[in-house]
Structures are given as structure tokens and as C-alpha cells.
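Below you'll find the structure, written out as C-alpha cells, and then a few comments.
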Amino acid sequence: MYYRKVLICPNGDWTRRDPRDGPYGIFLTTSKGESVSAVDNVRGSYEAIWQEANDTMRDLLWGTKNQRITAMATVQMLNQRIKDMNLLWNRDPRTGIIDYQDWMQAGEQLDLAIRDHCIFNSDARYYDVEDFLYERIQNRCYPASWKVEWGRYQERCALNYEIHPRPFRSPQSEVQRAALSRRAHWSALPPQLRRQTGFRQPPQIVRPNRRQPTTRVDRIEKWDDLMRPIR
């Protein structure tokens with residue numbers, strides 16, 4: 001079984017997301033948060049506020065641009081409440097605050113992950129976001145409900161397919177695409193209809209390196225050669 005090595009960051013956090021020996025690339029390089037992990041004996045003081053942020057953190061990941069802006073403002077108000085608590089209890093002001101910046105950049109990467117899945121058929125970016133948020137939750141003792149969900153990611157990919165169908169991705173030219181379209185239409189016709197309507201086989205695909213005609217006679221001969229009926 002393959003295990004990735006644990007690395008200790010300068011701030012004391014651990015990570016297994018090493019681009020040198022990881023199974024895929026690293027898309028989220030650093031954490032933008034400034035919080036301090038809440039140790040076990042004081043964690044209960046923040047859990048009530050953290051639970052209030054469940055829907056807000058989900059909006060940071062999957063919401064629209066306006067929803068993310070609203071969610072960011074909401075989390076900032078929650079962080080202010082946490083800072084007031086820390087001041088009252090004489091704790092480090094950064095203890096237990098929510099690193100919403102990490103979820104903001106994770107949400108931006110999820111948008112790109114959906115694009116990668118629909119266009120390039122790649123989920124590497126999603127897996128890196130998943131690992132990144134998992135490590136942030138573990139290092140800061142955040143609720144597990146703040147993680148990214150594979151099922152929701154699949155739903156967003158399916159919805160994106162319905163709104164933006166996968167484009168025809170091929171290095172062929174417009175002429176070659178038109179020839180393929182005519183060929184597919186002709187092949188779908190039943191044999192009786194092909195004979196009754198006098199359909200001929202569509203022209204063969206013109207290769208880019210084939211010599212292009214230069215005179216009218218060459219064009220006529222070339223077209224007749226490509227439009228020969230099936231025998």
C-alpha cells in the first residue's frame with residue numbers, strides 16, 4: 001500500500017500534499033488562514049459558533065459569487081464574536097477563528113475542478129481540494145461537516161453537462177467536421193432510403209497534408225473522385 005510522507009510546516013501544521021511524491025499536482029499551495037488550533041480542553045467553547053457556520057461554509061464552497069461574498073461577511077461577524085470571547089477569557093485572539101479564506105480559495109478551485117472534469121475528464125484538482133480541506137479540518141479541529149462532498153461534486157458536474165454540453169474537441173478542421181457530420185447522417189439512413197433518394201457516400205475526410213487543388217479542373221476531378229458511390 002502506498003503512503004505519502006508527512007511533512008511538518010513552519011507553523012506546526014502537518015501535510016501529506018507534497019508535489020514531489022504525490023499522486024497528482026498541487027493546486028492549493030498555501031493556507032491563507034491565521035487561526036490557532038483550539039486544544040481539546042477549550043474546543044467546546046467554539047463548537048456552538050462553528051455549528052452556526054455550517055451552511056455558510058457550504059456556500060463558500062458551492063455558492064455563486066454573490067453567495068460567497070455574503071457568506072464571507074457572515075463568517076467575519078462570527079469571527080468577531082470569537083475574538084470577543086478570546087478577549088474575555090484572556091486567550092490568543094486567533095484561537096478558534098474560522099479560516100474562511102481557505103474555503104474561499106477552495107471554492108474557486110472547485111469551479112475549475114468541474115471545468116476539468118467536463119472538458120478534460122480529470123478529477124485531480126477535486127482530489128487536491130478534498131485533501132487540502134481535510135488537512136485544514138484536522139489541523140484546526142474544525143467540524144467534519146465543512147469538508148467537500150464527492151456526491152455534491154458529481155451533481156454539479158452533471159448539472160454543468162446539461163447547461164454546457166461537452167464541445168466537439170478535435171484537432172480537425174471545419175471542413176473535416178462537416179464531412180464527418182454528413183457521413184454520420186448518411187450512415188444512419190436505412191439501405192432502402194439510400195437507394196430511393198440516390199444518396200451517395202459523403203466525401204472522404206481530406207487530410208491536412210494532402211495537396212490542395214489549384215485549378216478548376218483539379219477541383220472537379222477531385223470532387224468526382226471523392227463522391228464515388230458505394231459498390
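Residues are named by chain letter and number: chains run A, B, ... in the order of the C-alpha cells, numbers start at 1 in each chain, and ligands are numbered from 1 in the order shown.
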Could you list, with a cut-off of 8 Å and counting only C-alpha atoms, the residues of segment 18-100 of chain A near segment 143-150 of chain A, each shown with its nearest atom pair and the distance in Å rounded to one decimal, rows sorted by chain and ascending number, as CSV?
```
residue,atom,partner,partner_atom,distance
A:Glu47,CA,A:Pro143,CA,8.0
A:Trp50,CA,A:Pro143,CA,7.2
A:Gln51,CA,A:Pro143,CA,7.6
A:Asn54,CA,A:Trp146,CA,6.6
A:Met57,CA,A:Trp146,CA,6.3
A:Arg58,CA,A:Trp146,CA,6.9
A:Leu61,CA,A:Val148,CA,7.6
```
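The two atoms in question, atom CA of Leu88 of chain A and atom CA of Val39 of chain A, are spaced 17.5 Å apart.
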Distance criterion (only C-alpha atoms): nearest to Asp111 of chain A out of A:Gln138, A:Thr74, A:Asn79, A:Asn160: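 When distances to Asp111 of chain A are compared using only C-alpha atoms, the smallest one comes from A:Asn160.
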